[in-house]
Amino acid sequence: MELLKQRILSDGVVSPGNVLKVDSFLNHQIDVELLDAIAEEFYRIYADKPIDKVLTIEASGIAIACFAAQRFGAPLVFAKKAQSINLEGDSYVTRIESYTHGRIFDVIVSKKYLAAGDHILIVDDFLANACALDGLIAIAEEAGAVIEGIGIVIEKGFQRGGASLRERGYPLSSLAIIESMDAETGEVVFG
C-alpha cells in the first residue's frame with residue numbers, strides 16, 4: 001500500500017533493536033484518514049470472505065481493527081492482556097511474549113464473544129516474530145472459529161513471523177513489508 005509506505009518513510013523513526021516507531025500516525029497519535037484507507041485495503045483483500053468478526057489484541061490493534069470491523073459490518077473482539085472484574089464466565093486464555101514490551105502476557109477472550117463457526121479476520125499493527133498472532137490463532141482455533149484472513153499493517157520481513165505463518169498455510173496479507181532498517185541512517189527498505 002503506497003500511501004502507508006510513504007507515511008512510514010516520511011514519519012517513521014528507526015530505533016536501535018529493530019524498532020520502527022510509527023507512534024505519530026498509527027499507534028499513539030492516530031491518523032484516522034490513514035486508518036480508513038488501511039481498512040478499505042483490508043476490505044478489498046478479504047471482501048469475498050464471509051467475515052462476521054474481527055479479532056485483535058489490545059492495545060495498538062484496536063483502532064485499526066475498529067475501522068476494519070466497520071467495513072465488514074462485523075463486531076470487533078479484542079483479546080485482553082490482563083484479567084479484569086468485568087470478564088465474567090469462561091474464557092479462552094493463552095500466553096504470548098511481547099516483542100515490544102519484552103515480557104509475557106496472558107491473553108484472554110471471553111467465550112461469549114468467540115464461538116465455533118465464527119468466520120474471523122485477525123488484524124494487528126505489526127508482525128515481527130508472530131508471538132501475538134500465534135496467541136490469537138490459538139484462541140481462535142480453540143474456539144472452533146474459521147480464520148478467513150490475517151491483516152497486518154506493517155510486517156518486519158527480516159524477522160521470521162510472516163514466513164512461519166505463510167508456511168503453515170494462514171491467509172496473511174501485510175500492507176507494508178520491511179526487508180531492512182538501519183537505525184544509524186534511518187533507512188527503511190521495503191520488500
# chains A, B, ... in the order shown; residues from 1 in each chain; ligands from 1
>>> residues_around(residues="A:Ala116", least_positions_apart="4", cutoff="10 Å", atoms="only C-alpha atoms", output="PyMOL selection string")
chain A and resi 111+140-146
>>> residues_around(residues="stretch 10-24 of chain A", least_positions_apart="3", cutoff="6 Å", atoms="only C-alpha atoms", output="list of chain:residue names")
A:Arg7, A:Asn27, A:His28, A:Gln29, A:Ala183, A:Gly186
>>> write_last_selection(atoms="N, CA and C atoms", output="CSV table (one decimal), in the first residue's frame")
chain,number,residue,atom,x,y,z
A,7,ARG,N,4.1,7.1,4.2
A,7,ARG,CA,4.0,7.7,5.6
A,7,ARG,C,5.1,7.1,6.5
A,27,ASN,N,-0.1,4.3,16.2
A,27,ASN,CA,-0.4,3.7,17.4
A,27,ASN,C,-0.3,4.5,18.7
A,28,HIS,N,-0.1,5.8,18.6
A,28,HIS,CA,-0.2,6.6,19.8
A,28,HIS,C,-1.1,7.9,19.4
A,29,GLN,N,-0.6,8.6,18.5
A,29,GLN,CA,-1.4,9.6,17.8
A,29,GLN,C,-1.9,8.9,16.5
A,183,ALA,N,19.2,1.8,12.0
A,183,ALA,CA,19.0,2.8,13.0
A,183,ALA,C,20.0,4.0,12.8
A,186,GLY,N,18.6,5.7,9.5
A,186,GLY,CA,17.1,5.9,9.4
A,186,GLY,C,16.5,5.3,8.2
>>> residues_around(residues="A:Ala63", least_positions_apart="4", cutoff="9 Å", atoms="only C-alpha atoms", output="PyMOL selection string")
chain A and resi 26-27+30+32+35+59+67-68
>>> write_last_selection(atoms="C-alpha atoms", output="PDB file, in the first residue's frame")
ATOM      1  CA  LEU A  26      -0.514   4.660  13.809  1.00  0.00           C
ATOM      2  CA  ASN A  27      -0.442   3.674  17.449  1.00  0.00           C
ATOM      3  CA  ILE A  30      -3.673   8.124  15.086  1.00  0.00           C
ATOM      4  CA  VAL A  32      -7.845   8.414  11.097  1.00  0.00           C
ATOM      5  CA  LEU A  35      -6.646   4.105   9.154  1.00  0.00           C
ATOM      6  CA  ALA A  59      -3.946  -2.040  22.645  1.00  0.00           C
ATOM      7  CA  PHE A  67     -12.091   0.607  11.197  1.00  0.00           C
ATOM      8  CA  ALA A  68     -11.843  -2.829   9.575  1.00  0.00           C
TER       9      ALA A  68
END
>>> closest_atom_pairs(of="stretch 112-142 of chain A", to="stretch 147-154 of chain A", cutoff="7 Å", atoms="only C-alpha atoms", output="CSV")
residue,atom,partner,partner_atom,distance
A:His119,CA,A:Ile147,CA,6.1
A:Ile120,CA,A:Ile147,CA,5.1
A:Leu121,CA,A:Gly149,CA,4.9
A:Ile122,CA,A:Ile150,CA,4.6
A:Val123,CA,A:Gly151,CA,4.7
A:Asp124,CA,A:Ile152,CA,5.2
A:Asp125,CA,A:Val153,CA,4.9
A:Phe126,CA,A:Ile154,CA,4.9
A:Leu127,CA,A:Ile154,CA,6.4
>>> select_by_dssp(residues="chain A", states="strand (DSSP E)", output="JSON, numbers by chain")
{"A": [13, 14, 15, 19, 20, 21, 53, 54, 55, 56, 57, 76, 77, 78, 79, 91, 92, 93, 94, 95, 96, 97, 98, 103, 104, 105, 106, 107, 108, 109, 110, 119, 120, 121, 122, 123, 124, 125, 126, 127, 146, 147, 148, 149, 150, 151, 152, 153, 154, 155, 156, 172, 173, 174, 175, 176, 177, 178, 179, 180, 181, 188, 189, 190]}
>>> residues_around(residues="A:Tyr92", least_positions_apart="6", cutoff="12 Å", atoms="only C-alpha atoms", output="MDAnalysis selection string")
chainID A and resid 78:81 83 106:115 135:144
>>> write_last_selection(atoms="C-alpha atoms", output="compact mmCIF listing (two decimals), in the first residue's frame")
# COMPACT_ATOMS: atom_id res chain seq x y z
CA PHE A 78 -10.17 -7.82 21.26
CA ALA A 79 -8.04 -10.04 23.41
CA LYS A 80 -7.23 -8.52 26.78
CA LYS A 81 -3.76 -8.73 28.26
CA GLN A 83 -7.83 -10.43 33.78
CA ASP A 106 -1.82 -13.85 29.48
CA VAL A 107 -4.17 -13.12 26.58
CA ILE A 108 -7.85 -13.53 27.32
CA VAL A 109 -11.05 -13.61 25.23
CA SER A 110 -14.44 -14.33 26.75
CA LYS A 111 -16.14 -17.41 25.31
CA LYS A 112 -19.28 -15.27 24.96
CA TYR A 113 -17.69 -13.36 22.09
CA LEU A 114 -15.88 -16.03 20.06
CA ALA A 115 -17.51 -19.29 19.11
CA GLY A 135 -1.73 -16.45 20.59
CA LEU A 136 -4.74 -15.11 18.68
CA ILE A 137 -4.65 -18.08 16.31
CA ALA A 138 -4.54 -20.50 19.26
CA ILE A 139 -7.57 -18.82 20.81
CA ALA A 140 -9.49 -18.78 17.51
CA GLU A 141 -8.73 -22.42 16.84
CA GLU A 142 -9.65 -23.45 20.40
CA ALA A 143 -12.98 -21.67 19.88
CA GLY A 144 -13.55 -23.53 16.62
>>> residues_around(residues="A:Asn129", least_positions_apart="2", cutoff="7 Å", atoms="only C-alpha atoms", output="VMD selection string")
chain A and resid 127 131 159 to 161
>>> closest_residue(among="A:Ile45, A:Val189, A:Ala39, A:Ala65", to="A:Ser173", atoms="only C-alpha atoms")
A:Ile45
>>> atom_distance(atom1="atom CA of A:Ile177", atom2="atom CA of A:Glu155")
4.7 Å
>>> closest_residue(among="A:Ile178, A:Val188, A:Ala130, A:Ile104", to="A:Ala163", atoms="only C-alpha atoms")
A:Ala130
>>> closest_residue(among="A:Leu133, A:Leu175, A:Ala47, A:Met181", to="A:Ser98", atoms="only C-alpha atoms")
A:Leu133
>>> atom_distance(atom1="atom CA of A:Met1", atom2="atom CA of A:Glu184")
25.7 Å
>>> closest_residue(among="A:Arg168, A:Asp31, A:Phe105, A:Phe72", to="A:Asp48", atoms="only C-alpha atoms")
A:Phe72
